[in-house]
Structures are given as C-alpha cells and as structure tokens.
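What follows is a single structure, written as structure tokens, with notes after it.
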Amino acid sequence: MISGLVLICVVAAALWGGYRMGQRPVAPPVGIDVASTEILSLLETERQAIADARSQQRAHTDVLALRIAEIQGHLMRLNALGDRLVEVGKLDREEFDFSSSPPVGGVDDALSGEMQDIAEFNAEMSRISALLEDREDKLAAMEQLLTNRELMAAIKISGRPVKKGWMSSAYGKRTDPFKGKKSFHRGLDFAGKPGADVIAVASGVVSRSEKVDGYGNVVEIKHANGYSTLYAHNKENLVKVGDVVGKGQTIALLGSTGRSSGPHVHFEVHRDGKHHNPLRFVGKP
C-alpha cells in the first residue's frame with residue numbers, strides 16, 4: 001500500500017515537472033543567431049554586387065552606343081564623299097556603289113571559347129574609327145583635287161562653238177568674199193543650219209550682247225587669265241551682259257546677221273586685247 005502511494009507520488013512529481021518545463025521558453029541552440037546574420041549579410045553583399053554589375057553594364061552599353069554613332073557618322077560622310085567622287089570623276093556607279101555593303105565571303109574557322117571582352121571590343125572600335133577618319137580626310141583631299149581639275153577644265157578654252165556644223169573659213173589671210181581683195185580673217189567660221197545652237201567654249205561672264213556693224217548680233221564672253229571669246233552673225237542672242245555662262249551652254253542661235261554670205265558663226269579668241277588663232281583651242285579636246 002505504501003509502495004503504491006510512493007509510486008503515485010513519483011509519477012505525479014514527474015508530470016508536474018514536465019508541465020513546468022513546457023511552460024518555459026525554449027532557448028535557441030548556441031550560434032543560430034550569428035549564422036542568420038552572416039547569411040543575410042552575404043545576401044545583401046551579393047545583391048549590391050549584382051546592382052553594381054548592372055550599372056557597369058549600362059555604362060558600357062552607353063559608351064558602345066556613342067562609339068557606334070560616331071562610326072555611323074563617319075560612314076555617312078564617307079558615302080557622301082564617295083558619291084561625289086564618282087560624280088566628279090565620272091566613274092561607273094555600279095562598280096562604285098556606296099549605298100550597299102561590300103561583298104565578302106569565305107569559310108571561317110571558329111575559335112572555341114574565344115570571346116572578345118569589353119576592353120578588346122572598345123580598342124577595335126577605336127582603331128576602326130581612327131581608320132575611317134583618316135580615309136575621310138584623304139577622300140576629302142581627293143575631292144578637292146578633282147573639283148579643282150573640273151574647275152580648270154571648265155574655264156579652259158577648248159572645243160568648237162557649235163554642236164553640229166563644219167569649218168567654212170580659216171584664220172589668217174584670205175580673199176574677201178564680197179570685194180575679192182586680200183584681207184585678214186581674225187577668226188574661224190563654222191557653217192550650219194539656221195537656228196542651230198551656238199555654245200560657249202569655256203565658262204565665263206558675258207561682257208557684250210549687242211548688234212555690231214558688220215558682225216550682226218554679237219556675244220562676247222570674258223574668261224580667266226585675260227582671255228575672251230566672240231561669237232558673231234547670230235540669228236538671236238540668248239544671254240545678256242553680266243550673265244555667268246558655263247562651258248557648253250547655249251548662248252545664241254546660229255544665223256546670218258551683219259556682213260555674212262550665209263548662216264554661220266564667226267568665232268574669235270582674244271587675250272589682253274590681241275586676237276589669236278582659234279584653231280589652237282578648237283583642236284584641243
């Protein structure tokens with residue numbers, strides 16, 4: 001009986017002790033709080049590293065965009081210069097087509113694992129940009145040279161004053177067609193159809209456009225280096241004093257006004273007031 005009571009008391013004491021222990025807060029194992037703090041710190045560090053990497057990537061992207069814009073600008077200027085050189089140099093546009101990419105081909109052996117980093121890419125773009133700038137300068141110099149040549153060709157007296165027709169009288173001594181006496185002919189005569197084009201043999205400024213005794217309707221043009229050309233017996237003058245005319249431009253219509261035996265243009269070349277044999281200039285291309 002007594003032993004039963006003792007057992008009951010022991011069990012009751014054990015249950016009460018368990019109950020009291022269950023009411024107490026359980027303390028975390030030693031080191032758990034420290035580990036959590038370290039993990040959170042590492043995560044924050046990684047997040048900051050990712051944010052920095054994205055920011056750096058955006059900066060690289062902006063730099064590359066500026067580089068590409070610079071190169072595109074150079075290419076546009078080179079294309080414009082190329083088109084101008086084709087025009088001035090009278091080149092074949094199909095052969096020198098600056099509007100399309102150059103044809104390329106061949107088989108490339110890829111290098112496994114070979115990738116350009118940002119530094120290498122920037123260096124290559126800088127090299128290409130410098131190369132394009134150098135080519136642009138050289139093409140601009142070539143354009144200037146060709147333009148100057150074109151200008152010199154335009155102001156140089158050369159060619160005939162008619163597109164169609166034939167030389168009917170030479171420069172120098174001849175028999176006057178009206179009086180039959182010896183006379184000196186100061187120009188060349190080119191016969192042709194009435195109303196045919198009379199053209200300027202060089203660029204210049206019109207200094208005379210009027211009717212003159214013996215010459216009929218006359219056009220005179222001042223050129224570079226003291227030269228001037230005269231076109232007489234015109235049916236009609238198409239330019240006036242002060243007009244700037246280009247080489248090959250129609251300045252009058254062929255006629256027979258003044259002292260003339262038929263439709264032709266009387267052509268003279270002067271330099272500093274003295275007449276010269278136009279055949280020297282007509283015979284040159």
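Each chain of the structure tokens is named A, B, ... in the order shown, its residues numbered from 1; ligands are numbered from 1 in display order.
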>> If DSSP is run on the backbone, what residues of stretch 118-279 of chain A are helix (DSSP H, G or I)? A reply as number ranges by chain would be ideal.
In response: A: 118-155, 224-226, 279
Mind writing the picked residues with C-alpha atoms as a CSV table (one decimal), in the first residue's frame?
```csv
chain,number,residue,atom,x,y,z
A,118,ILE,CA,34.7,44.9,-73.5
A,119,ALA,CA,38.3,46.3,-73.5
A,120,GLU,CA,39.2,44.5,-76.7
A,121,PHE,CA,35.9,45.5,-78.3
A,122,ASN,CA,36.5,49.2,-77.4
A,123,ALA,CA,40.0,49.0,-78.7
A,124,GLU,CA,38.9,47.6,-82.0
A,125,MET,CA,36.2,50.2,-82.4
A,126,SER,CA,38.7,53.0,-81.7
A,127,ARG,CA,41.0,51.6,-84.3
A,128,ILE,CA,38.2,51.4,-86.9
A,129,SER,CA,37.0,54.9,-86.0
A,130,ALA,CA,40.6,56.3,-86.5
A,131,LEU,CA,40.9,54.5,-89.8
A,132,LEU,CA,37.6,55.9,-91.1
A,133,GLU,CA,38.6,59.4,-90.0
A,134,ASP,CA,41.9,59.0,-91.9
A,135,ARG,CA,40.2,57.8,-95.0
A,136,GLU,CA,37.6,60.6,-94.8
A,137,ASP,CA,40.4,63.2,-94.8
A,138,LYS,CA,42.1,61.6,-97.8
A,139,LEU,CA,38.9,61.3,-99.7
A,140,ALA,CA,38.1,65.0,-99.0
A,141,ALA,CA,41.5,65.9,-100.3
A,142,MET,CA,40.9,63.9,-103.4
A,143,GLU,CA,37.5,65.6,-103.9
A,144,GLN,CA,39.2,69.0,-103.7
A,145,LEU,CA,41.7,68.0,-106.2
A,146,LEU,CA,39.1,66.6,-108.7
A,147,THR,CA,36.9,69.6,-108.1
A,148,ASN,CA,39.9,71.9,-108.9
A,149,ARG,CA,40.6,69.9,-112.1
A,150,GLU,CA,36.9,70.1,-113.0
A,151,LEU,CA,37.0,73.9,-112.5
A,152,MET,CA,40.2,74.2,-114.6
A,153,ALA,CA,38.6,72.2,-117.4
A,154,ALA,CA,35.5,74.4,-117.3
A,155,ILE,CA,37.4,77.7,-117.6
A,224,ALA,CA,40.1,83.6,-116.9
A,225,ASN,CA,43.7,84.6,-117.5
A,226,GLY,CA,42.8,87.6,-119.7
A,279,LEU,CA,42.4,76.7,-134.2
```
What's around stretch 172-174 of chain A at 7 Å? Count only C-alpha atoms, leave out sequence neighbours fewer than 6 positions away in its own chain, and write the answer as a PDB file with N, CA and C atoms, in the first residue's frame.
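Result file follows (around.pdb):
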```pdb
ATOM      1  N   LYS A 182      42.525  90.906-151.060  1.00  0.00           N
ATOM      2  CA  LYS A 182      43.189  90.230-149.963  1.00  0.00           C
ATOM      3  C   LYS A 182      42.785  90.891-148.643  1.00  0.00           C
ATOM      4  N   SER A 183      42.502  90.070-147.642  1.00  0.00           N
ATOM      5  CA  SER A 183      42.119  90.582-146.326  1.00  0.00           C
ATOM      6  C   SER A 183      42.615  89.623-145.258  1.00  0.00           C
ATOM      7  N   PHE A 184      42.499  90.049-144.041  1.00  0.00           N
ATOM      8  CA  PHE A 184      42.916  89.196-142.922  1.00  0.00           C
ATOM      9  C   PHE A 184      41.674  88.820-142.111  1.00  0.00           C
ATOM     10  N   HIS A 185      41.435  87.524-141.998  1.00  0.00           N
ATOM     11  CA  HIS A 185      40.282  86.993-141.255  1.00  0.00           C
ATOM     12  C   HIS A 185      40.724  86.690-139.830  1.00  0.00           C
ATOM     13  N   ARG A 186      40.129  87.353-138.843  1.00  0.00           N
ATOM     14  CA  ARG A 186      40.600  87.289-137.459  1.00  0.00           C
ATOM     15  C   ARG A 186      39.972  86.148-136.652  1.00  0.00           C
TER      16      ARG A 186
END
```
